[in-house]
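Notes to accompany the following structure.
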Amino acid sequence: MSTEQNLAQIGVVGLAVMGSNLARNFAHKGHTVAVYNRSTSKTDKLISDHGEEGNFIPSATIEEFVASLERPRRAIIMVQAGKATDAVIEQLADAMEPGDIIIDGGNALYTDTIRREKEISARGLHFVGAGISGGEEGALHGPAIMPGGPAESYEALGPLLESIAAKVDGTPCVTHIGPDGAGHFVKMVHNGIEYADMQVIGEAYHLLRYAAGMEPSEIADVFREWNSGDLDSYLVEITAEVLSQVDSETQRPLIDVIVDSAGQKGTGRWTVKAALDLGIATTGIGEAVFARALSGAQRQRAATCQALPSGAVETFDDLGIDKADFVEDVRRALYASKLVAYSQGFDEIKAGSEEHNWNVDPRDLAMIWRGGCIIRAQFLNRISEAYDHNPEVESLLLDPYFHQEMENLVDSWRRVVVAATRLGLPVPVFSSSLSYYDSLRAERLPAALIQGQRDFFGAHTYQRVDKPGRFHTLWSADRSEIEV
Ligand code: ATR
């Protein structure tokens, strides 16, 4: 039992790997940490394995846990998203007092966070939905943290979170994102961008392997080299590690013995669903989510593999491209597609922020994603600079730096998409991102025809380029036009 002299600054509920690592991180930074888990075995294990690392106050009941916290009480929930989170929130809220802060550090759906914040604030407590990125290692050594909720709760919480967050150039990778669901929304889009980033890296690998015929170890070296330039990032770094791994059982490259069916936990899908509702074209993230779904359609793939006609597929030699030039083209295509994915992700955050009046500052995200999280990359400094330069920029692709980059990249990008198409190799994000780019820069889109069709079958009306108003053509009469 705790005494008044020995109260904890922070508590963690849910001591599976993420929760216990986060608790240990707080303890390593000198905080006294209250810990509680539904089944006491996990609490006991944390204390027996790591109790020496700092000051922990273990509790066997939630009431005891709450009593061991300093006021305002701050408790981070790290349990399964969904019903378990609701159950724990309820127990905490019953035991807490007005002014105390409940933080949900799980991967909650932002609409759940909005609902919970409403319910909890009505009871006089603060509720903070905080996205935490960086996986198990990040939780232990320094994650990127995206807390939402009321700004005043950040005053009590911020210094604690800043102490455990990753640091880049001395700046902690955490800041208050915005009210209620803002933190979890931003974390969701972060994960969506991660899906796209991983898929474009996958497409680059696939082309080097199956177009240029390179071996995984050779491709690992290419990624290592890329990691020292514009593409310098955690995901490119670990890609080189995965590609150089040899399976000890078969002596084959590990990549060749891993089943090519990608899993997902849902945040990518949520990102696309939210983008659809907001009307934002996050095509890169969407194609990345669909690519995972298609990779998992095992029966359909087995039935169609080799069975569908391929048309006149050519060989790499037919393309007449020098291999070294091709590798450089692929690097540029990867960079361009990645830029599009980030640009679309930031568009979605802007739209979500406007829809919910969150006032999210995109510069904050570029800053805090530079460290701790899975998409940490050098390139986020550029995004940060772009928003510093013009916080209202219509698309990141219009920032002078990125605009210039795109000009440098686009020819290579086209060559790569053409080469993949001629070779019959799938590049869903490379190619759809190029179409997105060409759509943005097109003077005219076929949407005019769609408006004509809609007017024909449903009298949905259209606008004209030469005068204001809405118009309808009397298609089944004399085809004259009326203003409506
Ligand atoms: P793991 O498989 O690593 O234990 P998990 O099943 O996702 O992870 O559970 C994560 C945490 O959520 C655990 O701390 C779990 O508590 P238990 O150890 O008692 O299972 C917690 N959790 C899940 N459902 C819960 C609930 N309804 N109430 C409280 N905690 C819950």
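Order determines the names: the first chain of the structure tokens is A, the second B, and so forth; residues in each chain are numbered 1 upward, and ligands are numbered 1 upward as they are shown.
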(request) Counting only C-alpha atoms and all ligand atoms, name the residues that have an atom within 12 Å of an atom of ligand 1; the answer should be given as number ranges by chain. (result) A: 12-21, 35-46, 60-62, 77-92, 104-107, 136, 265
(request) Would you list the contacts of Gly229 in chain A as a list in words, taking every protein, DNA or RNA residue within 12 Å and counting only C-alpha atoms, but skipping same-chain residues closer than 2 positions in sequence? (result) Val222, Phe223, Arg224, Glu225, Trp226, Asn227, Leu231, Asp232, Ser233, Val236, Glu237, Arg331, Arg332, Tyr335, Ala377, Gln378 and Phe379 of chain A
Once you have the residues from the selection above, write them out as a short mmCIF file (atom, residue, chain, number, x, y, z; two decimals), in the first residue's frame, restricted to N, CA, C and O atoms.
```cif
data_model
loop_
_atom_site.label_atom_id
_atom_site.label_comp_id
_atom_site.auth_asym_id
_atom_site.auth_seq_id
_atom_site.Cartn_x
_atom_site.Cartn_y
_atom_site.Cartn_z
N VAL A 222 21.67 -1.93 -51.99
CA VAL A 222 21.07 -0.75 -52.63
C VAL A 222 20.29 0.05 -51.59
O VAL A 222 20.42 1.28 -51.49
N PHE A 223 19.49 -0.64 -50.78
CA PHE A 223 18.71 0.08 -49.75
C PHE A 223 19.63 0.74 -48.73
O PHE A 223 19.34 1.84 -48.25
N ARG A 224 20.74 0.09 -48.42
CA ARG A 224 21.69 0.69 -47.47
C ARG A 224 22.21 2.01 -48.04
O ARG A 224 22.32 3.01 -47.34
N GLU A 225 22.49 1.98 -49.32
CA GLU A 225 22.99 3.20 -49.96
C GLU A 225 21.91 4.28 -49.99
O GLU A 225 22.16 5.44 -49.69
N TRP A 226 20.69 3.86 -50.34
CA TRP A 226 19.58 4.82 -50.37
C TRP A 226 19.37 5.46 -49.00
O TRP A 226 18.93 6.59 -48.89
N ASN A 227 19.67 4.69 -47.96
CA ASN A 227 19.43 5.18 -46.61
C ASN A 227 20.37 6.33 -46.23
O ASN A 227 20.20 6.96 -45.18
N LEU A 231 16.15 9.30 -48.90
CA LEU A 231 15.26 8.26 -48.37
C LEU A 231 15.64 7.80 -46.97
O LEU A 231 15.03 6.87 -46.44
N ASP A 232 16.64 8.43 -46.38
CA ASP A 232 17.11 8.08 -45.03
C ASP A 232 15.92 7.97 -44.08
O ASP A 232 15.25 8.96 -43.78
N SER A 233 15.64 6.74 -43.63
CA SER A 233 14.48 6.52 -42.76
C SER A 233 14.60 5.17 -42.07
O SER A 233 15.33 4.28 -42.53
N VAL A 236 13.49 2.22 -44.43
CA VAL A 236 14.48 1.82 -45.44
C VAL A 236 15.63 1.07 -44.76
O VAL A 236 16.13 0.06 -45.26
N GLU A 237 15.99 1.54 -43.58
CA GLU A 237 17.07 0.90 -42.82
C GLU A 237 16.71 -0.56 -42.49
O GLU A 237 17.50 -1.48 -42.73
N ARG A 331 14.67 4.32 -57.43
CA ARG A 331 14.84 5.15 -56.23
C ARG A 331 14.00 6.43 -56.35
O ARG A 331 13.30 6.83 -55.42
N ARG A 332 14.06 7.02 -57.51
CA ARG A 332 13.31 8.26 -57.71
C ARG A 332 11.80 8.02 -57.70
O ARG A 332 11.03 8.82 -57.18
N TYR A 335 10.77 7.65 -54.14
CA TYR A 335 10.74 8.94 -53.44
C TYR A 335 9.51 9.75 -53.85
O TYR A 335 8.80 10.32 -53.00
N ALA A 377 11.89 9.78 -40.35
CA ALA A 377 12.69 9.94 -41.56
C ALA A 377 13.24 11.35 -41.61
O ALA A 377 12.63 12.29 -41.12
N GLN A 378 14.38 11.47 -42.24
CA GLN A 378 15.02 12.77 -42.48
C GLN A 378 14.07 13.73 -43.17
O GLN A 378 13.99 14.91 -42.87
N PHE A 379 13.37 13.14 -44.13
CA PHE A 379 12.52 13.87 -45.04
C PHE A 379 11.43 14.67 -44.31
O PHE A 379 10.93 15.66 -44.82
#
```
(message) Can you tell me which residues surround range 98-100 of chain A at a distance of at most 7 Å, considering only C-alpha atoms, apart from same-chain residues fewer than 5 positions away, and format the answer as a PyMOL selection string?
(response) chain A and resi 71-74+124-126
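If you look at CA of Leu425 in chain A and CA of Arg269 in chain A, they are 24.5 Å away from each other.
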Find the nearest atom pair between each residue of range 322-425 of chain A and range 179-198 of chain A for residues within 12 Å, count only C-alpha atoms, give distances in Å to one decimal, sort rows by chain and ascending number, and present the table as a tab-separated table.
```
residue	atom	partner	partner_atom	distance
A:Leu334	CA	A:Asp197	CA	8.9
A:Tyr335	CA	A:Asp197	CA	9.6
A:Ala336	CA	A:Asp197	CA	11.1
A:Ser337	CA	A:Asp197	CA	8.5
A:Lys338	CA	A:Asp197	CA	6.1
A:Leu339	CA	A:Asp197	CA	9.4
A:Val340	CA	A:Ala196	CA	9.6
A:Ala341	CA	A:Ile193	CA	6.3
A:Tyr342	CA	A:Ile193	CA	6.2
A:Ser343	CA	A:Ile193	CA	9.4
A:Gln344	CA	A:Ile193	CA	8.6
A:Gly345	CA	A:Val189	CA	6.1
A:Phe346	CA	A:Val189	CA	8.2
A:Asp347	CA	A:Val189	CA	10.1
A:Glu348	CA	A:Val189	CA	7.6
A:Ile349	CA	A:Val186	CA	6.5
A:Lys350	CA	A:Val186	CA	9.9
A:Ala351	CA	A:Phe185	CA	11.1
A:Gly352	CA	A:Phe185	CA	7.9
A:Ser353	CA	A:Ala182	CA	7.4
A:Glu354	CA	A:Ala182	CA	10.9
A:Glu355	CA	A:Ala182	CA	10.9
A:His356	CA	A:Ala182	CA	8.4
A:Asn357	CA	A:Pro179	CA	8.4
A:Trp358	CA	A:Pro179	CA	5.8
A:Asn359	CA	A:Pro179	CA	8.5
A:Val360	CA	A:Ala182	CA	7.5
A:Asp361	CA	A:Val186	CA	10.8
A:Pro362	CA	A:Val186	CA	9.9
A:Asp364	CA	A:Val186	CA	10.9
A:Leu365	CA	A:Val186	CA	8.2
A:Ala366	CA	A:His190	CA	10.5
A:Ile368	CA	A:His190	CA	11.1
A:Trp369	CA	A:His190	CA	8.5
A:Arg370	CA	A:His190	CA	11.8
A:Cys373	CA	A:His190	CA	9.0
A:Ile374	CA	A:Glu194	CA	7.1
A:Ile375	CA	A:Glu194	CA	5.9
A:Arg376	CA	A:Glu194	CA	9.7
A:Ala377	CA	A:Asp197	CA	10.9
```
Selected residues, N, CA and C atoms, written as a compact mmCIF listing (two decimals), in the first residue's frame, please.
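New file part.txt:
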```txt
# COMPACT_ATOMS: atom_id res chain seq x y z
N LEU A 334 10.31 5.69 -56.09
CA LEU A 334 9.98 5.44 -54.69
C LEU A 334 9.84 6.76 -53.94
N TYR A 335 10.77 7.65 -54.14
CA TYR A 335 10.74 8.94 -53.44
C TYR A 335 9.51 9.75 -53.85
N ALA A 336 9.22 9.77 -55.15
CA ALA A 336 8.07 10.54 -55.63
C ALA A 336 6.76 9.98 -55.07
N SER A 337 6.63 8.65 -55.09
CA SER A 337 5.38 8.03 -54.60
C SER A 337 5.23 8.27 -53.10
N LYS A 338 6.37 8.26 -52.41
CA LYS A 338 6.35 8.50 -50.97
C LYS A 338 5.90 9.94 -50.67
N LEU A 339 6.42 10.85 -51.46
CA LEU A 339 6.01 12.25 -51.30
C LEU A 339 4.51 12.41 -51.47
N VAL A 340 3.97 11.72 -52.47
CA VAL A 340 2.52 11.79 -52.71
C VAL A 340 1.77 11.24 -51.50
N ALA A 341 2.22 10.10 -50.98
CA ALA A 341 1.51 9.47 -49.85
C ALA A 341 1.50 10.40 -48.64
N TYR A 342 2.63 11.03 -48.35
CA TYR A 342 2.69 11.95 -47.20
C TYR A 342 1.81 13.16 -47.46
N SER A 343 1.88 13.67 -48.67
CA SER A 343 1.09 14.83 -49.02
C SER A 343 -0.40 14.52 -48.82
N GLN A 344 -0.82 13.33 -49.26
CA GLN A 344 -2.23 12.94 -49.11
C GLN A 344 -2.58 12.75 -47.64
N GLY A 345 -1.67 12.18 -46.87
CA GLY A 345 -1.92 11.98 -45.44
C GLY A 345 -2.11 13.33 -44.74
N PHE A 346 -1.26 14.28 -45.07
CA PHE A 346 -1.40 15.61 -44.46
C PHE A 346 -2.70 16.29 -44.93
N ASP A 347 -3.11 16.02 -46.18
CA ASP A 347 -4.41 16.55 -46.64
C ASP A 347 -5.54 16.01 -45.78
N GLU A 348 -5.44 14.72 -45.46
CA GLU A 348 -6.51 14.10 -44.66
C GLU A 348 -6.53 14.71 -43.25
N ILE A 349 -5.36 14.93 -42.69
CA ILE A 349 -5.31 15.52 -41.35
C ILE A 349 -5.90 16.93 -41.37
N LYS A 350 -5.59 17.67 -42.41
CA LYS A 350 -6.12 19.03 -42.52
C LYS A 350 -7.66 18.98 -42.61
N ALA A 351 -8.15 18.06 -43.44
CA ALA A 351 -9.61 17.95 -43.61
C ALA A 351 -10.27 17.49 -42.32
N GLY A 352 -9.67 16.52 -41.64
CA GLY A 352 -10.23 16.03 -40.37
C GLY A 352 -10.25 17.15 -39.34
N SER A 353 -9.17 17.91 -39.31
CA SER A 353 -9.04 19.00 -38.36
C SER A 353 -10.11 20.07 -38.61
N GLU A 354 -10.36 20.34 -39.89
CA GLU A 354 -11.38 21.34 -40.21
C GLU A 354 -12.77 20.82 -39.85
N GLU A 355 -13.01 19.56 -40.18
CA GLU A 355 -14.33 18.95 -39.91
C GLU A 355 -14.66 18.98 -38.41
N HIS A 356 -13.65 18.73 -37.58
CA HIS A 356 -13.91 18.61 -36.14
C HIS A 356 -13.44 19.83 -35.33
N ASN A 357 -13.01 20.89 -36.04
CA ASN A 357 -12.51 22.10 -35.37
C ASN A 357 -11.38 21.81 -34.39
N TRP A 358 -10.40 21.04 -34.84
CA TRP A 358 -9.32 20.64 -33.95
C TRP A 358 -8.14 21.62 -33.97
N ASN A 359 -8.03 22.37 -35.08
CA ASN A 359 -6.90 23.29 -35.17
C ASN A 359 -5.54 22.60 -35.10
N VAL A 360 -5.42 21.46 -35.75
CA VAL A 360 -4.15 20.73 -35.74
C VAL A 360 -3.13 21.51 -36.57
N ASP A 361 -1.93 21.67 -36.01
CA ASP A 361 -0.87 22.36 -36.74
C ASP A 361 0.02 21.30 -37.42
N PRO A 362 0.02 21.27 -38.77
CA PRO A 362 0.79 20.22 -39.46
C PRO A 362 2.28 20.26 -39.12
N ASP A 364 3.58 20.61 -36.24
CA ASP A 364 3.80 19.80 -35.04
C ASP A 364 4.02 18.35 -35.42
N LEU A 365 3.22 17.87 -36.38
CA LEU A 365 3.30 16.45 -36.74
C LEU A 365 4.63 16.14 -37.39
N ALA A 366 5.02 17.01 -38.33
CA ALA A 366 6.29 16.79 -39.01
C ALA A 366 7.43 16.78 -37.98
N ILE A 368 7.16 15.98 -34.60
CA ILE A 368 7.18 14.86 -33.64
C ILE A 368 7.35 13.51 -34.33
N TRP A 369 7.07 13.43 -35.62
CA TRP A 369 7.26 12.16 -36.33
C TRP A 369 8.73 11.95 -36.75
N ARG A 370 9.58 12.91 -36.45
CA ARG A 370 10.98 12.75 -36.86
C ARG A 370 11.70 11.70 -36.02
N CYS A 373 8.86 7.11 -33.92
CA CYS A 373 7.80 6.36 -34.60
C CYS A 373 8.34 5.60 -35.81
N ILE A 374 7.47 4.75 -36.36
CA ILE A 374 7.89 3.87 -37.45
C ILE A 374 8.20 4.65 -38.73
N ILE A 375 7.53 5.77 -38.97
CA ILE A 375 7.79 6.50 -40.22
C ILE A 375 8.85 7.59 -40.03
N ARG A 376 9.62 7.50 -38.93
CA ARG A 376 10.65 8.53 -38.72
C ARG A 376 11.60 8.55 -39.91
N ALA A 377 11.89 9.78 -40.35
CA ALA A 377 12.69 9.94 -41.56
C ALA A 377 13.24 11.35 -41.61
```
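CA of Val242 in chain A sits 9.5 Å away from CA of Ser217 in chain A.
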(request) Mind listing the helix (DSSP H, G or I) residues of range 81-325 of chain A, per DSSP on the backbone, as a ChimeraX atom specification? (result) /A:83-95,110-122,135-141,151-164,182-210,216-226,234-244,254-257,267-278,283-295,298-304,316-319,323-325
(message) When you look at range 243-251 of chain A with a cut-off of 8 Å (counting only C-alpha atoms), what residues show up, excluding the ones that are within fewer than 2 positions of it in the same chain? I need them as a ChimeraX atom specification.
(response) /A:216-217,219-220,239-241,253-255,257
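Straight-line separation from CA of Pro391 in chain A to CA of Thr282 in chain A: 20.1 Å.
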(request) With a distance cut-off of 9 Å and only C-alpha atoms, select the neighbouring residues of His31 in chain A, excluding the residue or stretch itself and same-chain residues fewer than 3 positions from it, and output the selection as a VMD selection string. (result) chain A and resid 8 to 10 26 to 28 54 to 56 160
Writer output for current selection, N, CA, C and O atoms, as a short mmCIF file (atom, residue, chain, number, x, y, z; two decimals), in the first residue's frame:
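To be explicit, this is the file written out as again_7.cif:
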```cif
data_model
loop_
_atom_site.label_atom_id
_atom_site.label_comp_id
_atom_site.auth_asym_id
_atom_site.auth_seq_id
_atom_site.Cartn_x
_atom_site.Cartn_y
_atom_site.Cartn_z
N ALA A 8 2.49 7.98 -6.61
CA ALA A 8 3.06 7.91 -7.96
C ALA A 8 2.65 9.11 -8.80
O ALA A 8 1.53 9.61 -8.66
N GLN A 9 3.56 9.57 -9.66
CA GLN A 9 3.23 10.70 -10.55
C GLN A 9 2.37 10.23 -11.72
O GLN A 9 1.64 11.00 -12.33
N ILE A 10 2.50 8.96 -12.03
CA ILE A 10 1.80 8.44 -13.20
C ILE A 10 1.46 6.97 -12.94
O ILE A 10 2.18 6.28 -12.21
N PHE A 26 8.89 5.28 -17.89
CA PHE A 26 8.61 6.33 -16.89
C PHE A 26 9.53 6.15 -15.67
O PHE A 26 10.09 7.12 -15.16
N ALA A 27 9.68 4.90 -15.24
CA ALA A 27 10.51 4.63 -14.06
C ALA A 27 11.97 4.99 -14.32
O ALA A 27 12.64 5.58 -13.47
N HIS A 28 12.44 4.66 -15.53
CA HIS A 28 13.84 4.99 -15.88
C HIS A 28 14.09 6.49 -15.83
O HIS A 28 15.21 6.94 -15.62
N GLY A 54 13.49 0.97 -11.07
CA GLY A 54 12.97 2.27 -10.63
C GLY A 54 11.94 2.08 -9.55
O GLY A 54 11.86 1.01 -8.94
N ASN A 55 11.13 3.14 -9.30
CA ASN A 55 10.12 3.08 -8.25
C ASN A 55 8.76 2.71 -8.82
O ASN A 55 8.15 3.51 -9.53
N PHE A 56 8.32 1.50 -8.51
CA PHE A 56 6.98 1.07 -8.93
C PHE A 56 6.11 0.88 -7.70
O PHE A 56 6.60 0.45 -6.64
N LEU A 160 5.52 15.04 -18.16
CA LEU A 160 5.73 13.60 -17.96
C LEU A 160 5.95 12.90 -19.31
O LEU A 160 6.86 12.09 -19.47
#
```
(message) When you look at Glu483 in chain A with a cut-off of 12 Å (counting only C-alpha atoms), what residues show up, excluding the ones that are within fewer than 6 positions of it in the same chain? I need them as a ChimeraX atom specification.
(response) /A:459,461-464,467-474
Restricted to all heavy atoms, what would the selected residues look like written as a compact mmCIF listing (two decimals), in the first residue's frame?
```txt
# COMPACT_ATOMS: atom_id res chain seq x y z
N ALA A 459 -30.73 13.73 -64.23
CA ALA A 459 -31.00 15.17 -64.16
C ALA A 459 -30.29 15.81 -62.97
O ALA A 459 -30.85 16.61 -62.23
CB ALA A 459 -32.51 15.43 -64.08
N THR A 461 -27.87 17.84 -63.04
CA THR A 461 -27.41 19.18 -63.44
C THR A 461 -25.88 19.29 -63.49
O THR A 461 -25.17 18.42 -62.97
CB THR A 461 -27.96 20.33 -62.55
OG1 THR A 461 -27.27 20.32 -61.31
CG2 THR A 461 -29.47 20.22 -62.36
N TYR A 462 -25.41 20.34 -64.12
CA TYR A 462 -23.97 20.60 -64.23
C TYR A 462 -23.73 22.10 -64.21
O TYR A 462 -24.68 22.88 -64.39
CB TYR A 462 -23.39 19.99 -65.53
CG TYR A 462 -24.16 20.35 -66.78
CD1 TYR A 462 -23.93 21.55 -67.47
CD2 TYR A 462 -25.16 19.50 -67.26
CE1 TYR A 462 -24.66 21.88 -68.59
CE2 TYR A 462 -25.89 19.81 -68.38
CZ TYR A 462 -25.65 21.01 -69.05
OH TYR A 462 -26.38 21.35 -70.14
N GLN A 463 -22.49 22.47 -63.95
CA GLN A 463 -22.12 23.89 -64.04
C GLN A 463 -21.37 24.09 -65.35
O GLN A 463 -20.82 23.14 -65.91
CB GLN A 463 -21.24 24.27 -62.85
CG GLN A 463 -22.01 24.27 -61.53
CD GLN A 463 -21.08 24.45 -60.34
OE1 GLN A 463 -20.25 23.59 -60.06
NE2 GLN A 463 -21.22 25.57 -59.66
N ARG A 464 -21.37 25.33 -65.84
CA ARG A 464 -20.67 25.63 -67.09
C ARG A 464 -19.38 26.40 -66.82
O ARG A 464 -19.26 27.09 -65.83
CB ARG A 464 -21.58 26.47 -68.01
CG ARG A 464 -22.84 25.76 -68.47
CD ARG A 464 -23.64 26.70 -69.38
NE ARG A 464 -22.82 27.18 -70.48
CZ ARG A 464 -22.88 26.72 -71.73
NH1 ARG A 464 -23.78 25.80 -72.04
NH2 ARG A 464 -22.08 27.20 -72.67
N LYS A 467 -20.23 30.55 -67.52
CA LYS A 467 -21.17 31.42 -66.78
C LYS A 467 -21.60 30.73 -65.50
O LYS A 467 -21.56 29.50 -65.40
CB LYS A 467 -22.37 31.81 -67.65
CG LYS A 467 -23.10 30.67 -68.29
CD LYS A 467 -24.22 31.19 -69.20
CE LYS A 467 -24.84 30.04 -69.98
NZ LYS A 467 -25.78 30.45 -70.98
N PRO A 468 -22.03 31.51 -64.48
CA PRO A 468 -22.46 30.89 -63.22
C PRO A 468 -23.83 30.22 -63.35
O PRO A 468 -24.52 30.42 -64.36
CB PRO A 468 -22.53 32.09 -62.26
CG PRO A 468 -22.69 33.29 -63.13
CD PRO A 468 -22.08 32.98 -64.47
N GLY A 469 -24.21 29.46 -62.35
CA GLY A 469 -25.53 28.81 -62.34
C GLY A 469 -25.43 27.31 -62.52
O GLY A 469 -24.33 26.76 -62.71
N ARG A 470 -26.59 26.64 -62.45
CA ARG A 470 -26.65 25.18 -62.66
C ARG A 470 -27.55 24.93 -63.86
O ARG A 470 -28.57 25.61 -64.05
CB ARG A 470 -27.22 24.48 -61.42
CG ARG A 470 -26.37 24.64 -60.17
CD ARG A 470 -26.51 23.46 -59.24
NE ARG A 470 -25.89 22.26 -59.79
CZ ARG A 470 -24.62 21.90 -59.54
NH1 ARG A 470 -23.86 22.64 -58.76
NH2 ARG A 470 -24.13 20.80 -60.07
N PHE A 471 -27.20 23.95 -64.67
CA PHE A 471 -27.89 23.74 -65.94
C PHE A 471 -28.27 22.28 -66.12
O PHE A 471 -27.67 21.38 -65.53
CB PHE A 471 -27.00 24.19 -67.10
CG PHE A 471 -26.62 25.65 -66.99
CD1 PHE A 471 -25.48 26.04 -66.29
CD2 PHE A 471 -27.43 26.64 -67.55
CE1 PHE A 471 -25.14 27.37 -66.15
CE2 PHE A 471 -27.09 27.98 -67.42
CZ PHE A 471 -25.94 28.35 -66.71
N HIS A 472 -29.28 22.09 -66.96
CA HIS A 472 -29.74 20.73 -67.28
C HIS A 472 -30.09 20.70 -68.76
O HIS A 472 -30.72 21.61 -69.28
CB HIS A 472 -30.96 20.38 -66.43
CG HIS A 472 -31.66 19.12 -66.84
ND1 HIS A 472 -31.03 17.90 -66.91
CD2 HIS A 472 -32.97 18.90 -67.20
CE1 HIS A 472 -31.90 16.98 -67.30
NE2 HIS A 472 -33.08 17.56 -67.49
N THR A 473 -29.65 19.66 -69.45
CA THR A 473 -30.04 19.48 -70.84
C THR A 473 -31.26 18.57 -70.88
O THR A 473 -31.31 17.56 -70.15
CB THR A 473 -28.87 18.88 -71.65
OG1 THR A 473 -27.84 19.88 -71.76
CG2 THR A 473 -29.30 18.45 -73.04
N LEU A 474 -32.25 18.94 -71.67
CA LEU A 474 -33.48 18.15 -71.79
C LEU A 474 -33.19 16.98 -72.74
O LEU A 474 -33.53 17.01 -73.93
CB LEU A 474 -34.63 19.02 -72.29
CG LEU A 474 -34.95 20.22 -71.38
CD1 LEU A 474 -35.88 21.22 -72.05
CD2 LEU A 474 -35.56 19.74 -70.06
```
Distance query range 299-315 of chain A at most 8 Å, only C-alpha atoms, self and fewer than 2 positions along chain excluded, as a short mmCIF file (atom, residue, chain, number, x, y, z; two decimals) with all heavy atoms, in the first residue's frame:
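Once written, selection.cif looks like this:
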```cif
data_model
loop_
_atom_site.label_atom_id
_atom_site.label_comp_id
_atom_site.auth_asym_id
_atom_site.auth_seq_id
_atom_site.Cartn_x
_atom_site.Cartn_y
_atom_site.Cartn_z
N ALA A 211 12.29 -7.42 -62.03
CA ALA A 211 12.54 -6.78 -63.33
C ALA A 211 14.04 -6.86 -63.60
O ALA A 211 14.47 -7.45 -64.59
CB ALA A 211 12.08 -5.32 -63.32
N SER A 295 -3.01 -9.42 -51.26
CA SER A 295 -1.96 -10.39 -50.94
C SER A 295 -2.51 -11.50 -50.07
O SER A 295 -2.05 -12.64 -50.11
CB SER A 295 -0.77 -9.71 -50.26
OG SER A 295 -1.05 -9.45 -48.89
N ALA A 297 -5.60 -12.65 -50.26
CA ALA A 297 -6.66 -13.41 -50.95
C ALA A 297 -6.03 -14.69 -51.52
O ALA A 297 -5.92 -14.88 -52.74
CB ALA A 297 -7.29 -12.56 -52.05
N ASP A 317 15.57 -7.17 -70.77
CA ASP A 317 16.47 -6.84 -71.89
C ASP A 317 15.72 -6.11 -73.00
O ASP A 317 16.27 -5.22 -73.65
CB ASP A 317 17.12 -8.13 -72.45
CG ASP A 317 18.16 -8.67 -71.48
OD1 ASP A 317 18.63 -7.87 -70.62
OD2 ASP A 317 18.48 -9.87 -71.56
N ASP A 318 14.46 -6.50 -73.23
CA ASP A 318 13.65 -5.83 -74.27
C ASP A 318 13.53 -4.33 -74.00
O ASP A 318 13.36 -3.53 -74.91
CB ASP A 318 12.22 -6.40 -74.33
CG ASP A 318 12.19 -7.85 -74.79
OD1 ASP A 318 13.10 -8.23 -75.54
OD2 ASP A 318 11.28 -8.58 -74.36
N LEU A 319 13.57 -3.97 -72.71
CA LEU A 319 13.37 -2.55 -72.36
C LEU A 319 14.57 -1.70 -72.78
O LEU A 319 14.45 -0.49 -72.94
CB LEU A 319 13.15 -2.39 -70.85
CG LEU A 319 11.99 -3.15 -70.21
CD1 LEU A 319 11.93 -2.86 -68.71
CD2 LEU A 319 10.67 -2.76 -70.84
N ARG A 422 5.10 -2.88 -68.85
CA ARG A 422 5.56 -3.71 -69.97
C ARG A 422 6.00 -5.10 -69.49
O ARG A 422 5.87 -6.08 -70.21
CB ARG A 422 6.71 -3.01 -70.71
CG ARG A 422 6.23 -1.85 -71.57
CD ARG A 422 7.36 -1.05 -72.16
NE ARG A 422 8.15 -1.81 -73.12
CZ ARG A 422 9.22 -1.33 -73.76
NH1 ARG A 422 9.60 -0.07 -73.52
NH2 ARG A 422 9.89 -2.07 -74.62
N LEU A 423 6.52 -5.15 -68.26
CA LEU A 423 6.99 -6.43 -67.73
C LEU A 423 5.88 -7.21 -67.01
O LEU A 423 6.10 -8.33 -66.54
CB LEU A 423 8.16 -6.20 -66.76
CG LEU A 423 9.41 -5.57 -67.37
CD1 LEU A 423 10.41 -5.21 -66.29
CD2 LEU A 423 10.04 -6.51 -68.39
N GLY A 424 4.70 -6.59 -66.89
CA GLY A 424 3.60 -7.27 -66.22
C GLY A 424 3.79 -7.40 -64.72
O GLY A 424 3.30 -8.33 -64.09
#
```
(request) Any chance you could list, as a list in words, the residues in range 211-409 of chain A that come up strand (DSSP E or B) when DSSP is run on the backbone? (result)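 Output for range 211-409 of chain A, strand (DSSP E or B) only: Ser233, Val246, Pro253 and Ala377 of chain A.
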Pull the closest atom pair for each residue of range 167-243 of chain A that gets at most 12 Å from range 403-418 of chain A, along with the distance in Å to one decimal, counting only C-alpha atoms, ordering rows by chain and then ascending residue number, as JSON lines.
```
{"residue": "A:Glu203", "atom": "CA", "partner": "A:Val417", "partner_atom": "CA", "distance": 10.6}
{"residue": "A:Ala204", "atom": "CA", "partner": "A:Val416", "partner_atom": "CA", "distance": 9.6}
{"residue": "A:His206", "atom": "CA", "partner": "A:Val416", "partner_atom": "CA", "distance": 11.9}
{"residue": "A:Leu207", "atom": "CA", "partner": "A:Val416", "partner_atom": "CA", "distance": 8.7}
{"residue": "A:Leu208", "atom": "CA", "partner": "A:Val416", "partner_atom": "CA", "distance": 10.8}
{"residue": "A:Ala211", "atom": "CA", "partner": "A:Val416", "partner_atom": "CA", "distance": 10.2}
{"residue": "A:Ala212", "atom": "CA", "partner": "A:Val416", "partner_atom": "CA", "distance": 11.5}
{"residue": "A:Asp230", "atom": "CA", "partner": "A:Glu405", "partner_atom": "CA", "distance": 10.5}
```
